[in-house]
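Below: work.cif (mmCIF, C-alpha atoms and all ligand atoms)
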```
data_run
#
loop_
_atom_site.group_PDB
_atom_site.id
_atom_site.type_symbol
_atom_site.label_atom_id
_atom_site.label_comp_id
_atom_site.auth_asym_id
_atom_site.auth_seq_id
_atom_site.Cartn_x
_atom_site.Cartn_y
_atom_site.Cartn_z
ATOM 1 C CA MET A 1264 -59.755 100.883 -8.545
ATOM 2 C CA LYS A 1265 -56.868 99.800 -6.377
ATOM 3 C CA ASN A 1266 -54.340 97.073 -7.150
ATOM 4 C CA HIS A 1267 -56.007 94.428 -5.009
ATOM 5 C CA GLU A 1268 -59.442 95.218 -6.466
ATOM 6 C CA VAL A 1269 -58.123 94.803 -10.002
ATOM 7 C CA GLU A 1270 -56.490 91.508 -9.024
ATOM 8 C CA GLN A 1271 -59.672 90.266 -7.358
ATOM 9 C CA GLU A 1272 -61.743 91.097 -10.422
ATOM 10 C CA HIS A 1273 -59.441 89.191 -12.770
ATOM 11 C CA LEU A 1274 -59.235 86.247 -10.386
ATOM 12 C CA GLU A 1275 -63.003 85.929 -10.347
ATOM 13 C CA MET A 1276 -63.119 86.110 -14.121
ATOM 14 C CA GLN A 1277 -60.518 83.347 -14.360
ATOM 15 C CA LYS A 1278 -62.536 81.168 -11.978
ATOM 16 C CA LYS A 1279 -65.601 81.539 -14.166
ATOM 17 C CA PHE A 1280 -63.705 80.754 -17.358
ATOM 18 C CA ASN A 1281 -61.926 77.789 -15.780
ATOM 19 C CA GLN A 1282 -65.227 76.404 -14.553
ATOM 20 C CA HIS A 1283 -66.553 76.608 -18.087
ATOM 21 C CA PHE A 1284 -63.417 75.078 -19.627
ATOM 22 C CA LEU A 1285 -63.479 72.205 -17.128
ATOM 23 C CA GLU A 1286 -67.086 71.449 -17.987
ATOM 24 C CA GLU A 1287 -66.139 71.427 -21.665
ATOM 25 C CA GLY A 1288 -63.215 69.130 -20.952
ATOM 26 C CA TYR A 1289 -60.442 71.578 -21.824
ATOM 27 C CA ALA A 1290 -57.161 71.898 -19.993
ATOM 28 C CA ILE A 1291 -57.030 74.947 -17.773
ATOM 29 C CA GLU A 1292 -54.212 77.272 -16.847
ATOM 30 C CA ASP A 1293 -54.076 79.073 -13.547
ATOM 31 C CA PHE A 1294 -52.382 82.432 -13.578
ATOM 32 C CA LYS A 1295 -51.494 84.653 -10.702
ATOM 33 C CA PHE A 1296 -52.778 88.177 -11.327
ATOM 34 C CA VAL A 1297 -50.593 91.094 -10.431
ATOM 35 C CA ALA A 1298 -51.877 94.624 -10.869
ATOM 36 C CA VAL A 1299 -49.180 97.276 -11.078
ATOM 37 C CA GLY A 1300 -49.663 100.990 -10.663
ATOM 38 C CA TYR A 1301 -53.326 101.360 -9.814
ATOM 39 C CA LEU A 1302 -52.459 103.994 -7.276
ATOM 40 C CA ASP A 1303 -54.839 105.417 -4.760
ATOM 41 C CA SER A 1304 -54.220 108.317 -2.417
ATOM 42 C CA SER A 1305 -55.377 106.215 0.541
ATOM 43 C CA GLU A 1306 -52.472 103.789 0.103
ATOM 44 C CA PRO A 1307 -48.747 104.522 0.217
ATOM 45 C CA PHE A 1308 -46.686 103.544 -2.817
ATOM 46 C CA GLU A 1309 -43.039 102.870 -3.491
ATOM 47 C CA ARG A 1310 -41.099 105.859 -4.851
ATOM 48 C CA GLY A 1311 -37.748 105.937 -6.564
ATOM 49 C CA GLU A 1312 -35.936 106.332 -9.829
ATOM 50 C CA VAL A 1313 -36.357 103.881 -12.679
ATOM 51 C CA SER A 1314 -33.939 103.549 -15.574
ATOM 52 C CA ASN A 1315 -34.609 105.088 -18.972
ATOM 53 C CA ALA A 1316 -34.141 101.632 -20.447
ATOM 54 C CA PHE A 1317 -37.071 100.379 -18.376
ATOM 55 C CA LEU A 1318 -39.315 103.296 -19.413
ATOM 56 C CA THR A 1319 -38.427 102.846 -23.067
ATOM 57 C CA LYS A 1320 -39.143 99.122 -22.877
ATOM 58 C CA LEU A 1321 -42.446 99.657 -21.094
ATOM 59 C CA ASN A 1322 -43.465 102.143 -23.810
ATOM 60 C CA ILE A 1323 -42.679 99.600 -26.509
ATOM 61 C CA LEU A 1324 -44.660 96.889 -24.709
ATOM 62 C CA TRP A 1325 -47.551 99.303 -24.243
ATOM 63 C CA SER A 1326 -47.760 100.020 -27.962
ATOM 64 C CA GLU A 1327 -47.509 96.356 -28.993
ATOM 65 C CA GLY A 1328 -50.587 94.186 -29.227
ATOM 66 C CA LEU A 1329 -53.869 94.679 -27.521
ATOM 67 C CA VAL A 1330 -54.710 97.562 -25.241
ATOM 68 C CA LEU A 1331 -57.725 96.963 -23.052
ATOM 69 C CA GLY A 1332 -60.254 99.675 -22.479
ATOM 70 C CA SER A 1333 -61.091 99.889 -18.814
ATOM 71 C CA ALA A 1334 -64.329 100.726 -17.140
ATOM 72 C CA GLY A 1335 -64.493 104.489 -16.978
ATOM 73 C CA CYS A 1336 -61.914 107.163 -16.727
ATOM 74 C CA HIS A 1337 -59.311 107.285 -14.010
ATOM 75 C CA VAL A 1338 -58.162 110.628 -12.622
ATOM 76 C CA CYS A 1339 -54.792 111.036 -10.963
ATOM 77 C CA GLU A 1340 -55.263 111.602 -7.242
ATOM 78 C CA PHE A 1341 -51.765 112.962 -6.737
ATOM 79 C CA CYS A 1342 -51.802 115.913 -9.145
ATOM 80 C CA GLU A 1343 -52.341 119.294 -7.544
ATOM 81 C CA GLY A 1344 -54.675 121.921 -8.969
ATOM 82 C CA ASP A 1345 -57.122 121.647 -11.848
ATOM 83 C CA ASN A 1346 -54.846 120.086 -14.410
ATOM 84 C CA LYS A 1347 -55.117 116.484 -13.247
ATOM 85 C CA ALA A 1348 -53.929 113.705 -15.531
ATOM 86 C CA THR A 1349 -56.493 111.147 -16.718
ATOM 87 C CA SER A 1350 -56.321 107.757 -18.391
ATOM 88 C CA SER A 1351 -58.848 105.160 -19.436
ATOM 89 C CA SER A 1352 -56.992 102.178 -20.789
ATOM 90 C CA GLU A 1353 -54.942 99.351 -19.398
ATOM 91 C CA LYS A 1354 -52.669 96.625 -20.624
ATOM 92 C CA GLU A 1355 -52.161 92.956 -19.873
ATOM 93 C CA LEU A 1356 -48.726 91.340 -20.125
ATOM 94 C CA ILE A 1357 -48.254 87.619 -19.664
ATOM 95 C CA ASP A 1358 -45.233 86.111 -17.971
ATOM 96 C CA ARG A 1359 -45.637 82.512 -19.185
ATOM 97 C CA GLU A 1360 -42.511 81.311 -17.415
ATOM 98 C CA ASN A 1361 -43.847 82.268 -13.987
ATOM 99 C CA LYS A 1362 -47.552 82.025 -14.847
ATOM 100 C CA ILE A 1363 -48.270 85.611 -13.983
ATOM 101 C CA LYS A 1364 -50.560 88.040 -15.759
ATOM 102 C CA TYR A 1365 -49.636 91.646 -15.137
ATOM 103 C CA PHE A 1366 -52.084 94.487 -15.549
ATOM 104 C CA PHE A 1367 -51.190 98.132 -15.585
ATOM 105 C CA PRO A 1368 -53.018 101.336 -16.507
ATOM 106 C CA LYS A 1369 -51.736 103.839 -19.057
ATOM 107 C CA MET A 1370 -51.469 106.199 -16.107
ATOM 108 C CA ILE A 1371 -48.434 104.241 -14.939
ATOM 109 C CA PHE A 1372 -46.256 106.392 -17.242
ATOM 110 C CA HIS A 1373 -47.579 109.537 -15.597
ATOM 111 C CA TYR A 1374 -47.106 108.073 -12.104
ATOM 112 C CA ILE A 1375 -43.521 107.093 -12.855
ATOM 113 C CA GLU A 1376 -42.503 110.300 -14.601
ATOM 114 C CA ILE A 1377 -44.358 112.862 -12.494
ATOM 115 C CA HIS A 1378 -44.915 111.223 -9.111
ATOM 116 C CA LYS A 1379 -41.789 109.030 -9.035
ATOM 117 C CA PHE A 1380 -43.715 105.782 -8.623
ATOM 118 C CA LYS A 1381 -41.381 102.779 -8.676
ATOM 119 C CA PRO A 1382 -42.935 99.442 -9.708
ATOM 120 C CA SER A 1383 -41.815 96.242 -7.990
ATOM 121 C CA ASN A 1384 -38.415 94.797 -8.903
ATOM 122 C CA GLU A 1385 -40.208 91.663 -10.072
ATOM 123 C CA PHE A 1386 -42.212 93.682 -12.618
ATOM 124 C CA ILE A 1387 -39.183 95.692 -13.747
ATOM 125 C CA ALA A 1388 -37.184 92.494 -14.260
ATOM 126 C CA PHE A 1389 -40.034 90.946 -16.260
ATOM 127 C CA VAL A 1390 -40.341 94.013 -18.505
ATOM 128 C CA MET A 1391 -36.591 94.086 -19.135
ATOM 129 C CA ARG A 1392 -36.493 90.445 -20.254
ATOM 130 C CA SER A 1393 -39.683 90.652 -22.356
HETATM 131 ZN ZN ZN A 1401 -50.640 113.123 -11.337
#
```

Could I get this file's structure written as C-alpha cells?
Ligand SMILES: [Zn+2]
Amino acid sequence: MKNHEVEQEHLEMQKKFNQHFLEEGYAIEDFKFVAVGYLDSSEPFERGEVSNAFLTKLNILWSEGLVLGSAGCHVCEFCEGDNKATSSSEKELIDRENKIKYFFPKMIFHYIEIHKFKPSNEFIAFVMRS
C-alpha cells in the first residue's frame, strides 16, 4: 500500500467511528492522518541523511506501546536480488498538539538505513519532541 492509500483507509475508518460516536452523543475528535514511509517503486521518494539521534528516538518509539499488525506482508521493492527485506507490522503515533496521527511501517528503518529514505521534516520534528 502507498502512503495515500493508507491515509485514505484510516480516514474512512475515522468517519465510520465518528458517525457512531455522534449517534451515541459522544464528542468526536478529527485527526489528520499522515502515513510515512509506505514506499512504492512507482513513486519517487525523498532521499537524504537523517541524524543518529532521530533513528535512536524512532527505535524507542517503535518499541513503546502498541504495534499494529498490518494486512499481509510487505516486500521491499528497492532491494536488488533475492534477499529482499520484508515487514508486516506498523505503528501509530499521535501528535495531540497538531491533531495528527502518524502511521509508519517497520520497514521504515530498512528504507532509511539501506535506501536513504528521508521522512518529512514535520515527522522528524515530531519524533524528536516526542
Ligand atoms: Zn530494500

**Study point:** Target residues per the PyMOL selection byres (((chain A and resi 1356-1361) around 12) and not hetatm), formatted as a PyMOL selection string
**Key:** chain A and resi 1292-1299+1321+1324-1331+1353-1355+1362-1368+1385-1386+1388-1393

Review point. Given a cut-off of 12 Å, what residues near ligand ZN 1401 (chain A) show up using all atoms listed in the file, put as a PyMOL selection string?
Key: chain A and resi 1302-1304+1337-1350+1370-1380

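The coordinates place CA of Lys1265 (chain A) at 26.2 Å from CA of Gln1282 (chain A).
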
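Taking CA of Ile1291 (chain A) and CA of Gln1277 (chain A) as endpoints, the distance between them is 9.7 Å.
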
Exercise for review: Counting only C-alpha atoms, figure out which residue out of A:Glu1275, A:Cys1336, A:Ile1387, A:Gly1288 gets nearest to Thr1319 (chain A).
Suggested key: A:Ile1387

Check your understanding: How many Å separate CA of Met1276 (chain A) from CA of Gly1300 (chain A)?
Key -> 20.4 Å

Please put the answer as AutoDock Vina command-line options: centre and edge lengths, in Å with one decimal, of a box along x, y and z that encloses all listed atoms of region 1364-1377 of chain A plus 5 Å on each side.
```
--center_x -47.8 --center_y 100.5 --center_z -15.6 --size_x 20.5 --size_y 34.8 --size_z 17.0
```

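Minimum atom-to-atom distances from A:Glu1287, A:Leu1318, A:Lys1278, A:Ser1351 to Met1264 (chain A) were compared using all atoms listed in the file, and the lowest value belongs to A:Ser1351.
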